[in-house]
file protein-v7.cif (mmCIF, C-alpha atoms)
data_model
loop_
_atom_site.label_atom_id
_atom_site.label_comp_id
_atom_site.auth_asym_id
_atom_site.auth_seq_id
_atom_site.Cartn_x
_atom_site.Cartn_y
_atom_site.Cartn_z
CA MET A 10 -9.16 16.21 -10.39
CA LEU A 11 -7.69 17.76 -13.50
CA HIS A 12 -9.53 20.87 -14.75
CA ARG A 13 -7.44 21.98 -17.71
CA TYR A 14 -3.92 22.32 -19.03
CA ASN A 15 -2.24 24.35 -21.75
CA PHE A 16 1.13 24.31 -23.41
CA SER A 17 3.06 25.97 -26.23
CA ASN A 18 6.14 25.33 -28.36
CA PHE A 19 6.07 21.64 -27.54
CA PHE A 20 6.83 19.05 -30.23
CA SER A 21 4.43 19.68 -33.17
CA PHE A 22 2.48 22.41 -31.33
CA GLU A 23 3.91 25.91 -31.66
CA GLN A 24 0.96 28.07 -30.57
CA GLU A 25 -0.60 27.93 -27.11
CA THR A 26 -3.08 25.08 -26.92
CA GLU A 27 -5.56 24.40 -24.14
CA ILE A 28 -7.17 21.07 -23.27
CA SER A 29 -10.06 21.37 -20.83
CA PHE A 30 -12.16 18.94 -18.81
CA LEU A 31 -14.42 21.80 -17.67
CA LEU A 32 -18.10 21.59 -18.63
CA ASN A 33 -20.66 24.37 -18.92
CA ASP A 34 -24.31 24.28 -17.88
CA LYS A 35 -25.37 23.00 -21.31
CA ALA A 36 -23.52 19.71 -20.87
CA PRO A 37 -25.94 16.97 -19.74
CA GLN A 38 -26.03 15.72 -16.18
CA ASP A 39 -24.98 12.12 -16.77
CA SER A 40 -22.32 9.59 -15.84
CA LEU A 41 -19.74 11.33 -18.06
CA ALA A 42 -19.63 14.32 -15.72
CA VAL A 43 -18.96 14.97 -12.05
CA THR A 44 -18.98 18.00 -9.76
CA CYS A 45 -15.61 18.34 -8.01
CA ASP A 46 -14.86 19.57 -4.48
CA THR A 47 -14.36 23.15 -5.66
CA GLY A 48 -17.76 23.27 -7.37
CA GLU A 49 -16.84 23.02 -11.06
CA ARG A 50 -18.36 20.40 -13.35
CA LEU A 51 -15.76 18.21 -15.03
CA SER A 52 -15.74 15.48 -17.59
CA LYS A 53 -14.36 12.11 -16.54
CA VAL A 54 -13.37 11.30 -20.13
CA LEU A 55 -11.67 13.07 -23.04
CA ALA A 56 -10.99 11.34 -26.36
CA VAL A 57 -8.41 12.76 -28.79
CA ILE A 58 -9.16 12.09 -32.46
CA GLY A 59 -7.21 12.93 -35.61
CA ALA A 60 -5.32 11.60 -38.60
CA ASN A 61 -2.05 9.73 -38.36
CA GLY A 62 0.80 12.16 -37.79
CA SER A 63 -1.54 15.00 -36.80
CA GLY A 64 -0.11 15.36 -33.28
CA LYS A 65 -2.57 13.37 -31.16
CA THR A 66 0.14 11.89 -28.97
CA ASN A 67 1.70 15.32 -28.52
CA VAL A 68 -1.61 16.56 -27.05
CA ILE A 69 -1.29 14.21 -24.08
CA LYS A 70 2.51 14.28 -23.75
CA PRO A 71 2.47 17.44 -21.58
CA LEU A 72 0.75 15.51 -18.79
CA ALA A 73 3.32 12.72 -18.95
CA PHE A 74 6.14 15.28 -18.98
CA LEU A 75 4.76 17.27 -16.02
CA ASP A 76 4.18 14.07 -14.06
CA TRP A 77 7.87 13.24 -14.47
CA PHE A 78 9.15 16.79 -14.05
CA VAL A 79 7.23 17.63 -10.88
CA GLY A 80 7.63 14.18 -9.36
CA ASP A 81 10.99 12.79 -10.46
CA SER A 82 13.23 15.39 -12.09
CA PHE A 83 15.31 15.65 -8.91
CA HIS A 84 16.67 12.18 -9.77
CA ALA A 85 17.90 13.21 -13.23
CA LYS A 86 21.64 13.44 -13.73
CA PRO A 87 22.99 16.95 -13.03
CA ASP A 88 24.00 17.48 -16.67
CA ALA A 89 20.95 15.79 -18.22
CA LYS A 90 18.82 17.66 -20.72
CA ILE A 91 15.19 18.34 -19.83
CA PRO A 92 13.24 15.89 -22.06
CA ILE A 93 11.23 18.30 -24.18
CA GLU A 94 11.36 19.18 -27.86
CA PRO A 95 10.44 22.73 -28.97
CA HIS A 96 8.77 23.11 -32.35
CA PHE A 97 11.50 23.09 -34.97
CA PHE A 98 10.17 26.23 -36.72
CA CYS A 99 9.75 28.29 -33.55
CA ASP A 100 12.14 31.20 -33.02
CA LYS A 101 12.00 30.99 -29.23
CA GLY A 102 13.55 28.09 -27.39
CA GLU A 103 11.33 27.89 -24.33
CA SER A 104 8.25 25.71 -23.89
CA THR A 105 5.46 26.75 -21.53
CA PHE A 106 3.08 24.66 -19.44
CA GLU A 107 0.15 25.46 -17.18
CA VAL A 108 -2.17 23.07 -15.37
CA GLU A 109 -5.13 23.63 -13.05
CA PHE A 110 -6.39 20.96 -10.70
CA ASP A 111 -8.33 20.63 -7.47
CA TRP A 112 -6.73 18.97 -4.49
CA ASP A 113 -7.23 19.20 -0.76
CA LYS A 114 -10.52 21.06 -1.40
CA SER A 115 -8.69 23.91 -3.16
CA LEU A 116 -8.04 24.91 -6.75
CA TRP A 117 -4.35 24.99 -7.71
CA ARG A 118 -2.39 26.26 -10.69
CA TYR A 119 1.13 25.19 -11.63
CA THR A 120 3.16 26.89 -14.35
CA ALA A 121 6.57 26.20 -15.85
CA THR A 122 8.68 27.71 -18.62
CA VAL A 123 11.59 25.50 -19.61
CA THR A 124 14.16 24.91 -22.30
CA PRO A 125 16.04 21.64 -22.83
CA ASP A 126 18.88 23.23 -20.82
CA ARG A 127 17.17 24.81 -17.82
CA VAL A 128 14.05 25.89 -15.99
CA LEU A 129 13.42 29.57 -16.74
CA ALA A 130 10.42 29.97 -14.46
CA GLU A 131 8.26 27.83 -12.21
CA ALA A 132 5.38 28.73 -9.92
CA LEU A 133 2.63 27.22 -7.83
CA TYR A 134 -0.57 29.10 -6.99
CA ARG A 135 -3.53 28.35 -4.75
CA LYS A 136 -6.92 29.97 -5.15
CA THR A 137 -8.02 31.88 -2.08
CA SER A 138 -11.48 33.44 -2.23
CA ARG A 139 -11.68 34.77 -5.81
CA ALA A 140 -8.03 35.08 -6.81
CA PHE A 141 -4.92 32.92 -7.10
CA SER A 142 -2.09 33.65 -4.66
CA TYR A 143 1.39 32.31 -5.21
CA VAL A 144 2.76 29.59 -2.95
CA PHE A 145 6.17 29.93 -4.58
CA MET A 146 7.65 31.62 -7.63
CA ARG A 147 11.03 30.74 -9.08
CA LYS A 148 12.70 32.72 -11.87
CA TRP A 149 16.05 32.43 -13.62
CA MET A 150 18.03 35.69 -13.53
CA ASP A 151 20.40 36.05 -16.47
CA GLU A 152 22.43 38.78 -14.78
CA SER A 153 23.39 36.71 -11.76
CA LYS A 154 23.08 33.28 -13.40
CA SER A 155 20.97 32.17 -10.43
CA TYR A 156 17.37 31.81 -9.33
CA GLU A 157 15.21 34.27 -7.49
CA VAL A 158 12.72 32.36 -5.32
CA LYS A 159 9.75 33.79 -3.45
CA GLN A 160 7.62 31.72 -1.08
CA GLN A 161 4.38 32.13 0.85
CA GLY A 162 3.89 29.15 3.11
CA PHE A 163 5.64 26.58 0.92
CA GLY A 164 8.08 25.69 3.70
CA PHE A 165 11.30 25.10 1.76
CA SER A 166 14.55 26.45 3.19
CA PRO A 167 15.31 29.66 1.18
CA ARG A 168 18.99 28.73 0.97
CA GLU A 169 18.22 25.28 -0.45
CA ALA A 170 15.48 26.60 -2.74
CA GLU A 171 17.92 28.93 -4.47
CA LYS A 172 20.31 26.02 -5.10
CA VAL A 173 17.81 23.78 -6.90
CA ARG A 174 19.42 22.43 -10.07
CA GLU A 175 18.65 24.07 -13.39
CA ASN A 176 17.15 20.85 -14.79
CA ALA A 177 14.96 20.00 -11.79
CA SER A 178 11.60 21.12 -10.44
CA LEU A 179 11.55 22.96 -7.12
CA ILE A 180 8.65 20.74 -6.02
CA SER A 181 10.53 17.55 -6.87
CA THR A 182 13.57 18.82 -4.97
CA ALA A 183 11.60 20.08 -1.97
CA ALA A 184 10.06 16.63 -1.54
CA GLN A 185 13.55 15.21 -1.01
CA TYR A 186 13.92 17.64 1.91
CA ASP A 187 10.64 16.40 3.41
CA VAL A 188 8.71 19.60 2.72
CA PRO A 189 5.18 18.38 3.57
CA LEU A 190 3.31 20.26 0.83
CA ALA A 191 5.71 19.09 -1.88
CA HIS A 192 5.68 15.50 -0.63
CA ASP A 193 1.89 15.34 -0.36
CA MET A 194 1.33 16.99 -3.74
CA ILE A 195 3.59 14.51 -5.52
CA ALA A 196 1.86 11.61 -3.76
CA ALA A 197 -1.48 12.98 -4.94
CA GLN A 198 -0.48 13.34 -8.63
CA ARG A 199 -1.48 9.80 -9.52
CA ILE A 200 -0.96 9.87 -13.29
CA TYR A 201 -0.79 6.49 -15.01
CA THR A 202 0.41 6.56 -18.59
CA ASN A 203 1.90 4.55 -21.44
CA VAL A 204 3.50 7.70 -22.92
CA ASN A 205 7.12 8.79 -22.70
CA TYR A 206 9.39 11.24 -24.55
CA SER A 207 9.27 9.10 -27.70
CA GLY A 208 5.53 8.54 -27.58
CA ARG A 209 3.67 5.35 -26.75
CA SER A 210 5.57 2.47 -25.22
CA HIS A 211 4.87 -0.27 -27.73
CA LEU A 212 3.74 -3.70 -26.60
CA ASN A 213 6.64 -6.01 -25.82
CA VAL A 214 7.79 -8.66 -23.35
CA ASP A 215 9.06 -6.06 -20.88
CA GLN A 216 5.61 -4.47 -20.67
CA LEU A 217 4.00 -7.83 -19.96
CA LEU A 218 6.54 -8.52 -17.21
CA THR A 219 6.09 -5.03 -15.75
CA ALA A 220 2.33 -5.53 -15.64
CA SER A 221 2.85 -8.95 -14.02
CA ASN A 222 5.06 -7.42 -11.32
CA PHE A 223 2.35 -4.86 -10.67
CA PHE A 224 -0.45 -7.39 -10.31
CA VAL A 225 1.56 -9.85 -8.21
CA ASP A 226 2.27 -7.18 -5.57
CA PRO A 227 0.29 -8.10 -2.41
CA ASP A 228 -0.84 -4.48 -2.12
CA HIS A 229 -2.55 -4.84 -5.51
CA ALA A 230 -4.42 -8.07 -4.75
CA ASP A 231 -7.84 -6.48 -5.30
CA MET A 232 -6.77 -5.11 -8.67
CA ARG A 233 -5.40 -8.51 -9.66
CA ILE A 234 -8.79 -10.09 -8.95
CA ARG A 235 -10.50 -7.30 -10.89
CA MET A 236 -8.10 -7.78 -13.83
CA VAL A 237 -8.89 -11.49 -14.03
CA ASP A 238 -12.64 -10.88 -13.82
CA LEU A 239 -12.53 -8.28 -16.58
CA LEU A 240 -10.38 -10.34 -18.95
CA LYS A 241 -12.74 -13.28 -18.46
CA SER A 242 -15.78 -11.11 -19.17
CA TRP A 243 -14.32 -9.45 -22.28
CA ASP A 244 -14.75 -12.54 -24.47
CA LEU A 245 -11.03 -13.11 -24.99
CA GLY A 246 -11.36 -16.87 -24.61
CA LEU A 247 -9.85 -16.88 -21.14
CA SER A 248 -11.17 -18.67 -18.09
CA GLY A 249 -8.55 -17.04 -15.90
CA VAL A 250 -5.03 -15.61 -15.63
CA ALA A 251 -2.23 -17.07 -13.54
CA ILE A 252 1.06 -15.35 -12.73
CA ARG A 253 3.88 -17.77 -11.98
CA LYS A 254 7.46 -17.31 -10.81
CA ILE A 255 9.68 -18.79 -13.52
CA PRO A 256 13.49 -19.24 -13.38
CA VAL A 257 15.32 -17.82 -16.41
CA THR A 258 18.93 -17.67 -17.49
CA GLU A 259 20.19 -14.38 -18.92
CA ALA A 260 22.66 -14.14 -21.81
CA SER A 261 25.43 -13.55 -19.29
CA GLY A 262 24.62 -16.87 -17.65
CA THR A 263 23.10 -15.24 -14.57
CA GLN A 264 19.99 -16.96 -13.26
CA LYS A 265 17.01 -15.08 -11.87
CA GLU A 266 13.30 -15.53 -11.33
CA VAL A 267 10.63 -13.48 -13.11
CA PHE A 268 6.86 -13.36 -12.84
CA VAL A 269 5.30 -14.59 -16.07
CA PRO A 270 1.56 -14.28 -16.88
CA PHE A 271 -0.34 -17.26 -18.30
CA GLY A 272 -3.77 -17.36 -19.88
CA LEU A 273 -6.00 -20.20 -18.69
CA HIS A 274 -8.36 -21.93 -21.13
CA ASP A 275 -11.16 -24.35 -20.18
CA CYS A 276 -12.37 -26.76 -22.84
CA ASP A 277 -14.42 -29.96 -22.38
CA SER A 278 -13.69 -30.17 -18.64
CA LYS A 279 -9.97 -29.78 -19.29
CA GLN A 280 -7.79 -26.75 -18.63
CA ALA A 281 -4.79 -25.64 -20.64
CA GLU A 282 -2.53 -22.66 -20.05
CA LEU A 283 -0.56 -20.55 -22.47
CA ALA A 284 2.09 -17.97 -21.67
CA LEU A 285 0.60 -14.57 -22.39
CA PHE A 286 3.50 -13.94 -24.77
CA GLN A 287 1.84 -16.54 -27.02
CA GLU A 288 -1.69 -15.15 -26.70
CA SER A 289 -3.14 -12.74 -29.24
CA SER A 290 -1.84 -9.17 -29.26
CA GLY A 291 -5.34 -8.07 -28.18
CA THR A 292 -5.21 -10.22 -25.06
CA GLN A 293 -1.69 -9.01 -24.26
CA GLY A 294 -2.72 -5.41 -24.84
CA ALA A 295 -5.76 -5.69 -22.57
CA PHE A 296 -3.61 -7.14 -19.77
CA VAL A 297 -1.05 -4.32 -20.04
CA LEU A 298 -3.76 -1.65 -20.37
CA LEU A 299 -5.48 -2.76 -17.17
CA ALA A 300 -2.21 -2.26 -15.28
CA LYS A 301 -2.63 1.46 -16.11
CA LEU A 302 -6.41 1.85 -15.81
CA LEU A 303 -7.08 -0.08 -12.60
CA PRO A 304 -4.66 1.88 -10.38
CA ALA A 305 -6.16 5.13 -11.72
CA LEU A 306 -9.63 3.88 -10.81
CA ALA A 307 -8.46 2.69 -7.39
CA SER A 308 -6.80 6.00 -6.49
CA GLY A 309 -9.03 8.53 -8.22
CA GLY A 310 -6.12 9.44 -10.49
CA ILE A 311 -5.75 10.19 -14.18
CA ALA A 312 -5.04 7.64 -16.91
CA VAL A 313 -3.19 9.15 -19.89
CA ILE A 314 -3.29 6.56 -22.65
CA ASP A 315 -2.05 6.70 -26.23
CA GLU A 316 -4.01 4.53 -28.69
CA MET A 317 -6.46 3.16 -26.17
CA GLU A 318 -7.93 0.59 -28.53
CA VAL A 319 -4.70 -0.61 -30.16
CA ASP A 320 -4.94 -4.33 -31.00
CA LEU A 321 -8.45 -4.44 -29.48
CA HIS A 322 -11.78 -4.85 -31.27
CA PRO A 323 -13.55 -1.46 -31.62
CA HIS A 324 -16.44 -2.77 -29.51
CA MET A 325 -14.03 -3.08 -26.58
CA LEU A 326 -14.18 0.70 -26.15
CA THR A 327 -17.62 0.44 -24.56
CA PRO A 328 -16.65 -1.80 -21.63
CA ILE A 329 -13.43 0.18 -21.14
CA MET A 330 -15.37 3.46 -21.00
CA ASP A 331 -17.87 1.85 -18.62
CA LEU A 332 -15.06 1.36 -16.11
CA PHE A 333 -14.86 5.15 -15.75
CA LEU A 334 -18.55 5.94 -16.15
CA ASP A 335 -19.92 3.40 -13.68
CA LYS A 336 -19.96 4.71 -10.10
CA GLU A 337 -19.31 1.25 -8.68
CA SER A 338 -16.09 0.74 -10.68
CA ASN A 339 -15.08 4.40 -10.38
CA PRO A 340 -16.13 5.55 -6.89
CA LEU A 341 -13.34 8.17 -6.65
CA ASN A 342 -14.12 9.80 -10.02
CA ALA A 343 -10.90 8.92 -11.82
CA GLN A 344 -10.40 10.59 -15.21
CA VAL A 345 -9.03 9.33 -18.49
CA ILE A 346 -7.70 11.15 -21.55
CA PHE A 347 -6.74 9.00 -24.51
CA THR A 348 -6.01 9.05 -28.21
CA CYS A 349 -8.04 6.81 -30.44
CA HIS A 350 -8.55 5.76 -34.06
CA SER A 351 -11.87 3.99 -33.54
CA MET A 352 -14.68 6.19 -34.80
CA GLU A 353 -17.11 4.29 -32.59
CA ILE A 354 -16.07 6.73 -29.87
CA PHE A 355 -18.39 9.34 -31.45
CA ASN A 356 -21.34 7.12 -30.49
CA LEU A 357 -20.19 6.87 -26.87
CA LEU A 358 -19.32 10.47 -25.96
CA HIS A 359 -20.81 13.96 -26.23
CA LYS A 360 -19.26 16.84 -28.16
CA TRP A 361 -17.82 18.12 -24.86
CA GLN A 362 -15.71 14.97 -24.53
CA VAL A 363 -14.02 14.96 -27.96
CA VAL A 364 -10.80 16.81 -28.87
CA LEU A 365 -9.90 17.02 -32.56
CA VAL A 366 -6.31 17.40 -33.78
CA GLN A 367 -5.06 18.49 -37.18
CA LYS A 368 -1.67 19.38 -38.66
CA GLY A 369 -1.46 21.94 -41.46
CA ASN A 370 0.90 22.13 -44.40
CA ASP A 371 3.10 24.38 -42.24
CA CYS A 372 3.87 21.36 -39.98
CA ARG A 373 2.08 22.96 -37.03
CA SER A 374 -0.54 21.03 -35.08
CA GLU A 375 -3.67 22.52 -33.61
CA ALA A 376 -6.28 21.01 -31.31
CA TRP A 377 -9.78 22.07 -30.34
CA ARG A 378 -12.68 20.62 -28.41
CA LEU A 379 -15.59 19.71 -30.65
CA ASP A 380 -18.10 21.84 -28.73
CA SER A 381 -16.00 24.95 -29.49
CA MET A 382 -16.99 24.75 -33.17
CA GLN A 383 -19.91 26.93 -34.16
CA GLY A 384 -23.01 25.05 -35.24
CA VAL A 385 -22.23 21.68 -33.64
CA ARG A 386 -25.47 20.56 -32.00
CA SER A 387 -25.83 18.16 -29.09
CA ASP A 388 -28.17 15.96 -31.13
CA ASP A 389 -25.96 15.87 -34.25
CA ASN A 390 -24.82 12.53 -35.60
CA LEU A 391 -21.21 13.21 -34.64
CA TYR A 392 -19.94 10.03 -36.30
CA ALA A 393 -21.54 10.78 -39.67
CA LYS A 394 -20.46 14.41 -39.72
CA TYR A 395 -16.89 13.60 -38.74
CA MET A 396 -16.63 10.89 -41.37
CA SER A 397 -17.92 13.31 -44.01
CA GLY A 398 -15.18 15.79 -43.12
CA THR A 399 -17.50 18.42 -41.65
CA TYR A 400 -15.36 18.88 -38.55
CA GLY A 401 -11.94 18.47 -40.16
CA ALA A 402 -9.16 16.48 -38.48
CA VAL A 403 -9.48 13.59 -40.95
CA PRO A 404 -6.91 12.33 -43.47
CA GLY A 405 -6.91 14.35 -46.68
CA VAL A 406 -9.42 16.96 -45.44
#
call {"tool": "encode", "arguments": {"input": "protein-v7.cif", "output": "structure tokens"}}
result
Amino acid sequence: MLHRYNFSNFFSFEQETEISFLLNDKAPQDSLAVTCDTGERLSKVLAVIGANGSGKTNVIKPLAFLDWFVGDSFHAKPDAKIPIEPHFFCDKGESTFEVEFDWDKSLWRYTATVTPDRVLAEALYRKTSRAFSYVFMRKWMDESKSYEVKQQGFGFSPREAEKVRENASLISTAAQYDVPLAHDMIAAQRIYTNVNYSGRSHLNVDQLLTASNFFVDPDHADMRIRMVDLLKSWDLGLSGVAIRKIPVTEASGTQKEVFVPFGLHDCDSKQAELALFQESSGTQGAFVLLAKLLPALASGGIAVIDEMEVDLHPHMLTPIMDLFLDKESNPLNAQVIFTCHSMEIFNLLHKWQVVLVQKGNDCRSEAWRLDSMQGVRSDDNLYAKYMSGTYGAVPGV
């Protein structure tokens, strides 16, 4: 499970910013929290709230970036830039990242310092007794124009470790050489997101087809059944969802078959079906969203979602949150962090589960967890106080 992460000089954030799922003893013992294998109490849910353009998406982008960098950067082209964007007013060019998580009954810490051109430093630590010990450390040496790599039980050939490309993670590369720890750690990442370098992937035909391909996979049969049951129960006017193989002709004249989703509608003992492309944007959005949330729930992973409620009625947040809070639908304690514009979220979560984001006149974003503000009480009407501007992070305040 994810404990916390911090980052600096990344898109609209110049200063170091920490986002934490860790809870103290004052946080209530309820379905929003869970005790992990290493003994810490963690939240299952974090909601990110703020005005348009404040930097909400940039708060969750580090997780999407690290998921790609640690897992897939080996496959980038040798001359490709690392897909980050330092703050445009920052004098230094490097961005920093740090993430702590528990896995294999241990607490781990991963750090990286990168520029768009190269990795400057990268390290993995494992907590043993009371302190963190490095598993590997990798550092760029300007004098020799090469990397110095130290390892303690990582298992990567020293000769190959020193040759890892400047735009690739050592973990991602080691997995290609069948280093067990690297391979297993990547397999255990399990981050499901709709965020990329440019932000949220907006709803389109390709997303619907991608979700269809996911649900039609025989290995995902249980999630397909769950998706249909949920869409039927969410009062979207559907009696079911069918995914059919349809022949199409591309502009080049090439013919192929694609899996197309259809919404089923029962009315007066008759059934009609409508391609999901023709359904409401809310129905389409719910279908695509479930292709991210259900695999996180099934694997105990992390869903990183920008604009969770986009195109959905605000009341839909409650059943979506219930997927993560209910032990039956979330037996492996999956987590979700999401941005949101629906203020109803203040009625669903505690102050420990809300992150506020604000951008100043200096074009620098800042983020803080609501419980870090002095004077915020557990029994406060969070919705009313936020709407009045008491907490900041609202348009024009």
call {"tool": "resolve_selection", "arguments": {"input": "protein-v7.cif", "expression": "the PyMOL selection byres ((chain A and resi 273) around 8)", "output": "CSV table (one decimal) with C-alpha atoms, keeping the file's coordinate frame"}}
result
chain,number,residue,atom,x,y,z
A,247,LEU,CA,-9.8,-16.9,-21.1
A,248,SER,CA,-11.2,-18.7,-18.1
A,249,GLY,CA,-8.6,-17.0,-15.9
A,250,VAL,CA,-5.0,-15.6,-15.6
A,251,ALA,CA,-2.2,-17.1,-13.5
A,271,PHE,CA,-0.3,-17.3,-18.3
A,272,GLY,CA,-3.8,-17.4,-19.9
A,274,HIS,CA,-8.4,-21.9,-21.1
A,275,ASP,CA,-11.2,-24.4,-20.2
A,280,GLN,CA,-7.8,-26.8,-18.6
A,281,ALA,CA,-4.8,-25.6,-20.6
A,282,GLU,CA,-2.5,-22.7,-20.0
A,283,LEU,CA,-0.6,-20.6,-22.5
call {"tool": "closest_residue", "arguments": {"input": "protein-v7.cif", "among": "A:Gln293, A:Ser278, A:Thr348, A:Ser338", "to": "Leu218 in chain A", "atoms": "only C-alpha atoms"}}
result
A:Gln293
call {"tool": "resolve_selection", "arguments": {"input": "protein-v7.cif", "expression": "the PyMOL selection byres ((chain A and resi 373) around 10)", "output": "VMD selection string"}}
result
chain A and resid 18 20 to 24 63 to 64 96 to 99 367 to 372 374 to 375
call {"tool": "residues_around", "arguments": {"input": "protein-v7.cif", "residues": "His359 in chain A", "least_positions_apart": "6", "cutoff": "9 Å", "atoms": "all atoms listed in the file", "output": "list in words"}}
result
Ala36, Pro37, Leu41, Leu379, Asp380, Ser387 and Leu391 of chain A
call {"tool": "closest_residue", "arguments": {"input": "protein-v7.cif", "among": "A:Ala140, A:Ser210, A:Pro95, A:Gly310", "to": "Phe333 in chain A", "atoms": "only C-alpha atoms"}}
result
A:Gly310
call {"tool": "resolve_selection", "arguments": {"input": "protein-v7.cif", "expression": "the PyMOL selection byres ((chain A and resi 137) around 12)", "output": "list in words"}}
result
Thr47, Lys114, Ser115, Leu116, Trp117, Arg118, Tyr134, Arg135, Lys136, Ser138, Arg139, Ala140, Phe141, Ser142, Tyr143 and Val144 of chain A
call {"tool": "residues_around", "arguments": {"input": "protein-v7.cif", "residues": "Ala42 in chain A", "least_positions_apart": "3", "cutoff": "6 Å", "atoms": "all atoms listed in the file", "output": "ChimeraX atom specification"}}
result
/A:39,51-53
